[in-house]
file entry29.cif (mmCIF, C-alpha atoms; chains and numbers go by the auth columns)
data_coords
#
loop_
_atom_site.group_PDB
_atom_site.id
_atom_site.type_symbol
_atom_site.label_atom_id
_atom_site.label_comp_id
_atom_site.label_asym_id
_atom_site.label_seq_id
_atom_site.Cartn_x
_atom_site.Cartn_y
_atom_site.Cartn_z
_atom_site.B_iso_or_equiv
_atom_site.auth_seq_id
_atom_site.auth_asym_id
ATOM 1 C CA MET A 1 -8.869 3.973 24.550 0.00 10 A
ATOM 2 C CA PHE A 2 -7.429 0.542 23.749 0.00 11 A
ATOM 3 C CA ARG A 3 -10.017 -0.118 21.021 0.00 12 A
ATOM 4 C CA LEU A 4 -9.301 3.258 19.465 0.00 13 A
ATOM 5 C CA GLU A 5 -5.563 2.577 19.539 0.00 14 A
ATOM 6 C CA ARG A 6 -6.063 -0.812 17.841 0.00 15 A
ATOM 7 C CA ARG A 7 -8.242 0.696 15.115 0.00 16 A
ATOM 8 C CA ILE A 8 -5.848 3.558 14.506 0.00 17 A
ATOM 9 C CA ARG A 9 -2.900 1.162 14.387 0.00 18 A
ATOM 10 C CA ALA A 10 -4.664 -1.093 11.864 0.00 19 A
ATOM 11 C CA ARG A 11 -5.448 1.874 9.603 0.00 20 A
ATOM 12 C CA LEU A 12 -1.927 3.217 10.070 0.00 21 A
ATOM 13 C CA ASP A 13 -0.312 -0.111 9.165 0.00 22 A
ATOM 14 C CA GLU A 14 -2.543 -0.421 6.095 0.00 23 A
ATOM 15 C CA ALA A 15 -1.859 3.128 4.869 0.00 24 A
ATOM 16 C CA LEU A 16 1.889 2.872 5.384 0.00 25 A
ATOM 17 C CA ALA A 17 2.068 -0.529 3.676 0.00 26 A
ATOM 18 C CA GLN A 18 0.778 1.167 0.511 0.00 27 A
ATOM 19 C CA HIS A 19 3.988 3.220 0.611 0.00 28 A
ATOM 20 C CA GLY A 20 6.161 0.184 1.367 0.00 29 A
ATOM 21 C CA VAL A 21 6.819 1.318 4.934 0.00 30 A
ATOM 22 C CA THR A 22 6.170 -0.334 8.291 0.00 31 A
ATOM 23 C CA THR A 23 4.962 1.627 11.292 0.00 32 A
ATOM 24 C CA PRO A 24 8.353 1.389 13.070 0.00 33 A
ATOM 25 C CA ALA A 25 10.080 2.578 9.872 0.00 34 A
ATOM 26 C CA TYR A 26 7.691 5.524 9.654 0.00 35 A
ATOM 27 C CA MET A 27 8.433 6.334 13.296 0.00 36 A
ATOM 28 C CA VAL A 28 12.166 6.339 12.510 0.00 37 A
ATOM 29 C CA LEU A 29 11.752 8.603 9.492 0.00 38 A
ATOM 30 C CA SER A 30 9.481 10.964 11.433 0.00 39 A
ATOM 31 C CA GLU A 31 11.833 11.155 14.393 0.00 40 A
ATOM 32 C CA LEU A 32 14.828 11.812 12.142 0.00 41 A
ATOM 33 C CA ARG A 33 12.946 14.690 10.563 0.00 42 A
ATOM 34 C CA MET A 34 12.639 16.242 14.038 0.00 43 A
ATOM 35 C CA ARG A 35 15.997 15.157 15.507 0.00 44 A
ATOM 36 C CA ASP A 36 18.647 14.228 12.986 0.00 45 A
ATOM 37 C CA GLY A 37 21.611 12.063 13.945 0.00 46 A
ATOM 38 C CA LEU A 38 20.071 9.573 16.373 0.00 47 A
ATOM 39 C CA SER A 39 21.621 6.183 17.067 0.00 48 A
ATOM 40 C CA SER A 40 19.870 2.869 16.479 0.00 49 A
ATOM 41 C CA ALA A 41 19.538 2.398 20.246 0.00 50 A
ATOM 42 C CA GLU A 42 17.820 5.772 20.637 0.00 51 A
ATOM 43 C CA LEU A 43 15.496 5.010 17.738 0.00 52 A
ATOM 44 C CA ALA A 44 14.615 1.600 19.217 0.00 53 A
ATOM 45 C CA ARG A 45 13.521 3.233 22.474 0.00 54 A
ATOM 46 C CA ILE A 46 11.432 5.818 20.608 0.00 55 A
ATOM 47 C CA ALA A 47 9.740 3.197 18.397 0.00 56 A
ATOM 48 C CA PHE A 48 9.147 0.750 21.283 0.00 57 A
ATOM 49 C CA VAL A 49 11.029 -2.087 19.602 0.00 58 A
ATOM 50 C CA THR A 50 14.060 -4.117 20.596 0.00 59 A
ATOM 51 C CA PRO A 51 17.510 -3.049 19.408 0.00 60 A
ATOM 52 C CA GLN A 52 17.588 -6.202 17.254 0.00 61 A
ATOM 53 C CA ALA A 53 14.289 -5.287 15.571 0.00 62 A
ATOM 54 C CA MET A 54 15.489 -1.721 15.031 0.00 63 A
ATOM 55 C CA HIS A 55 18.662 -3.032 13.408 0.00 64 A
ATOM 56 C CA LEU A 56 16.472 -4.670 10.733 0.00 65 A
ATOM 57 C CA VAL A 57 14.431 -1.485 10.252 0.00 66 A
ATOM 58 C CA ILE A 58 17.573 0.651 9.954 0.00 67 A
ATOM 59 C CA ARG A 59 19.215 -1.808 7.571 0.00 68 A
ATOM 60 C CA ASP A 60 16.143 -1.763 5.298 0.00 69 A
ATOM 61 C CA LEU A 61 15.872 2.030 5.329 0.00 70 A
ATOM 62 C CA GLU A 62 19.573 2.367 4.600 0.00 71 A
ATOM 63 C CA GLN A 63 19.476 -0.160 1.731 0.00 72 A
ATOM 64 C CA ARG A 64 16.542 1.755 0.243 0.00 73 A
ATOM 65 C CA GLU A 65 18.579 4.971 0.605 0.00 74 A
ATOM 66 C CA LEU A 66 15.881 6.571 2.779 0.00 75 A
ATOM 67 C CA ILE A 67 18.445 7.190 5.500 0.00 76 A
ATOM 68 C CA ARG A 68 22.216 7.225 5.723 0.00 77 A
ATOM 69 C CA ARG A 69 24.409 6.534 8.715 0.00 78 A
ATOM 70 C CA ASP A 70 27.520 8.479 9.572 0.00 79 A
ATOM 71 C CA PRO A 71 30.093 7.930 12.314 0.00 80 A
ATOM 72 C CA HIS A 72 29.275 9.658 15.598 0.00 81 A
ATOM 73 C CA PRO A 73 31.258 12.904 15.998 0.00 82 A
ATOM 74 C CA ASP A 74 32.745 11.602 19.264 0.00 83 A
ATOM 75 C CA GLY A 75 34.086 8.501 17.531 0.00 84 A
ATOM 76 C CA GLY A 76 33.506 4.933 18.619 0.00 85 A
ATOM 77 C CA ARG A 77 31.246 2.411 16.952 0.00 86 A
ATOM 78 C CA VAL A 78 28.013 4.416 17.176 0.00 87 A
ATOM 79 C CA LEU A 79 26.498 5.461 13.866 0.00 88 A
ATOM 80 C CA CYS A 80 24.121 8.409 13.556 0.00 89 A
ATOM 81 C CA ALA A 81 21.127 8.031 11.251 0.00 90 A
ATOM 82 C CA ARG A 82 20.198 10.882 8.947 0.00 91 A
ATOM 83 C CA LEU A 83 17.194 11.332 6.689 0.00 92 A
ATOM 84 C CA THR A 84 17.993 11.517 2.962 0.00 93 A
ATOM 85 C CA ARG A 85 16.135 13.554 0.362 0.00 94 A
ATOM 86 C CA GLU A 86 14.432 10.336 -0.777 0.00 95 A
ATOM 87 C CA GLY A 87 13.446 9.545 2.811 0.00 96 A
ATOM 88 C CA LEU A 88 11.954 12.996 3.284 0.00 97 A
ATOM 89 C CA SER A 89 9.981 12.665 0.056 0.00 98 A
ATOM 90 C CA LEU A 90 8.557 9.294 1.100 0.00 99 A
ATOM 91 C CA LEU A 91 7.785 10.659 4.546 0.00 100 A
ATOM 92 C CA LYS A 92 5.729 13.490 3.032 0.00 101 A
ATOM 93 C CA HIS A 93 3.661 10.966 1.045 0.00 102 A
ATOM 94 C CA CYS A 94 3.094 8.926 4.199 0.00 103 A
ATOM 95 C CA ASP A 95 2.116 12.057 6.115 0.00 104 A
ATOM 96 C CA ARG A 96 -0.631 12.819 3.588 0.00 105 A
ATOM 97 C CA SER A 97 -2.039 9.318 4.024 0.00 106 A
ATOM 98 C CA LEU A 98 -1.997 9.696 7.801 0.00 107 A
ATOM 99 C CA ASP A 99 -3.642 13.111 7.543 0.00 108 A
ATOM 100 C CA ALA A 100 -6.480 11.371 5.685 0.00 109 A
ATOM 101 C CA ILE A 101 -6.874 8.902 8.562 0.00 110 A
ATOM 102 C CA GLU A 102 -7.002 11.764 11.047 0.00 111 A
ATOM 103 C CA THR A 103 -9.589 13.567 8.927 0.00 112 A
ATOM 104 C CA ALA A 104 -11.760 10.441 8.764 0.00 113 A
ATOM 105 C CA MET A 105 -11.415 9.879 12.515 0.00 114 A
ATOM 106 C CA LEU A 106 -12.517 13.441 13.305 0.00 115 A
ATOM 107 C CA ALA A 107 -15.178 13.726 10.570 0.00 116 A
ATOM 108 C CA GLU A 108 -18.122 13.527 12.975 0.00 117 A
ATOM 109 C CA VAL A 109 -16.553 15.701 15.670 0.00 118 A
ATOM 110 C CA ASP A 110 -17.413 19.422 15.690 0.00 119 A
ATOM 111 C CA ASP A 111 -14.547 21.890 15.178 0.00 120 A
ATOM 112 C CA ALA A 112 -14.280 23.042 18.799 0.00 121 A
ATOM 113 C CA THR A 113 -14.277 19.491 20.180 0.00 122 A
ATOM 114 C CA GLY A 114 -11.825 18.369 17.495 0.00 123 A
ATOM 115 C CA LYS A 115 -9.451 21.200 18.326 0.00 124 A
ATOM 116 C CA THR A 116 -9.640 20.411 22.050 0.00 125 A
ATOM 117 C CA LEU A 117 -9.135 16.709 21.377 0.00 126 A
ATOM 118 C CA VAL A 118 -6.091 17.255 19.156 0.00 127 A
ATOM 119 C CA GLU A 119 -4.546 19.728 21.637 0.00 128 A
ATOM 120 C CA GLY A 120 -5.157 17.339 24.541 0.00 129 A
ATOM 121 C CA LEU A 121 -3.704 14.335 22.752 0.00 130 A
ATOM 122 C CA THR A 122 -0.705 16.387 21.642 0.00 131 A
ATOM 123 C CA MET A 123 -0.031 17.335 25.259 0.00 132 A
ATOM 124 C CA CYS A 124 -0.363 13.666 26.277 0.00 133 A
ATOM 125 C CA ALA A 125 2.079 12.598 23.559 0.00 134 A
ATOM 126 C CA ARG A 126 4.607 15.235 24.645 0.00 135 A
ATOM 127 C CA ALA A 127 4.306 14.121 28.265 0.00 136 A
ATOM 128 C CA LEU A 128 5.095 10.525 27.290 0.00 137 A
ATOM 129 C CA ARG A 129 8.143 11.272 25.114 0.00 138 A
ATOM 130 C CA PRO A 130 11.244 9.384 26.260 0.00 139 A
ATOM 131 C CA ASP A 131 13.034 12.660 26.936 0.00 140 A
ATOM 132 C CA ALA A 132 10.108 14.245 28.843 0.00 141 A
ATOM 133 C CA ASP A 133 11.628 13.361 32.214 0.00 142 A
ATOM 134 C CA ALA A 134 14.954 15.011 31.393 0.00 143 A
#
call {"tool": "encode", "arguments": {"input": "entry29.cif", "output": "structure tokens"}}
result
Amino acid sequence: MFRLERRIRARLDEALAQHGVTTPAYMVLSELRMRDGLSSAELARIAFVTPQAMHLVIRDLEQRELIRRDPHPDGGRVLCARLTREGLSLLKHCDRSLDAIETAMLAEVDDATGKTLVEGLTMCARALRPDADA
């Protein structure tokens, strides 16, 4: 599994770099598409990076107008990140590149095995989500 993860990560990093995006930035954009309004701290936990590293990712995405940050509805200093139209557009381009990686990875797997593999890995990913224990 570890070798597969390393190979996937290398291909992922390479594909995303062609779009000017890092893997943590892609994770942020993807998560905001599913759950808008997350804080930097929440995004750091999801992307498995430190809050300091996430601050840099968020700052870059905001400067590129791929996300915007608004004050939290409850007040305080927390800012909620939101995907912009430009961010969604870039995310769709990235998704197509990642779909190509998935297609290449499954090219020699028959349809039934591929379907079972994708379903199994999807269940594993859901089980390991930060909010799965809640």
call {"tool": "resolve_selection", "arguments": {"input": "entry29.cif", "expression": "the PyMOL selection byres ((chain A and resi 39-49) around 9)", "output": "PyMOL selection string"}}
result
chain A and resi 34-38+50-55+60+63-64+67+76+78-79+81+87-92+97+100
call {"tool": "resolve_selection", "arguments": {"input": "entry29.cif", "expression": "the PyMOL selection byres ((chain A and resi 29) around 12)", "output": "list in words"}}
result
Asp22, Glu23, Ala24, Leu25, Ala26, Gln27, His28, Val30, Thr31, Thr32, Pro33, Ala34, Tyr35, Asp69, Leu70, Arg73, Leu75, Gly96, Leu99, Leu100, His102 and Cys103 of chain A
call {"tool": "atom_distance", "arguments": {"input": "entry29.cif", "atom1": "CA of Pro82 (chain A)", "atom2": "CA of Arg68 (chain A)"}}
result
20.8 Å
call {"tool": "atom_distance", "arguments": {"input": "entry29.cif", "atom1": "CA of Asp120 (chain A)", "atom2": "CA of Met10 (chain A)"}}
result
21.0 Å
call {"tool": "atom_distance", "arguments": {"input": "entry29.cif", "atom1": "CA of Thr122 (chain A)", "atom2": "CA of Ala19 (chain A)"}}
result
24.2 Å
call {"tool": "axis_aligned_box", "arguments": {"input": "entry29.cif", "around": "region 23-31 of chain A", "padding_each_side": "4 Å", "output": "JSON"}}
result
{"center_x": 2.1, "center_y": 1.3, "center_z": 4.4, "size_x": 17.4, "size_y": 11.7, "size_z": 15.8}
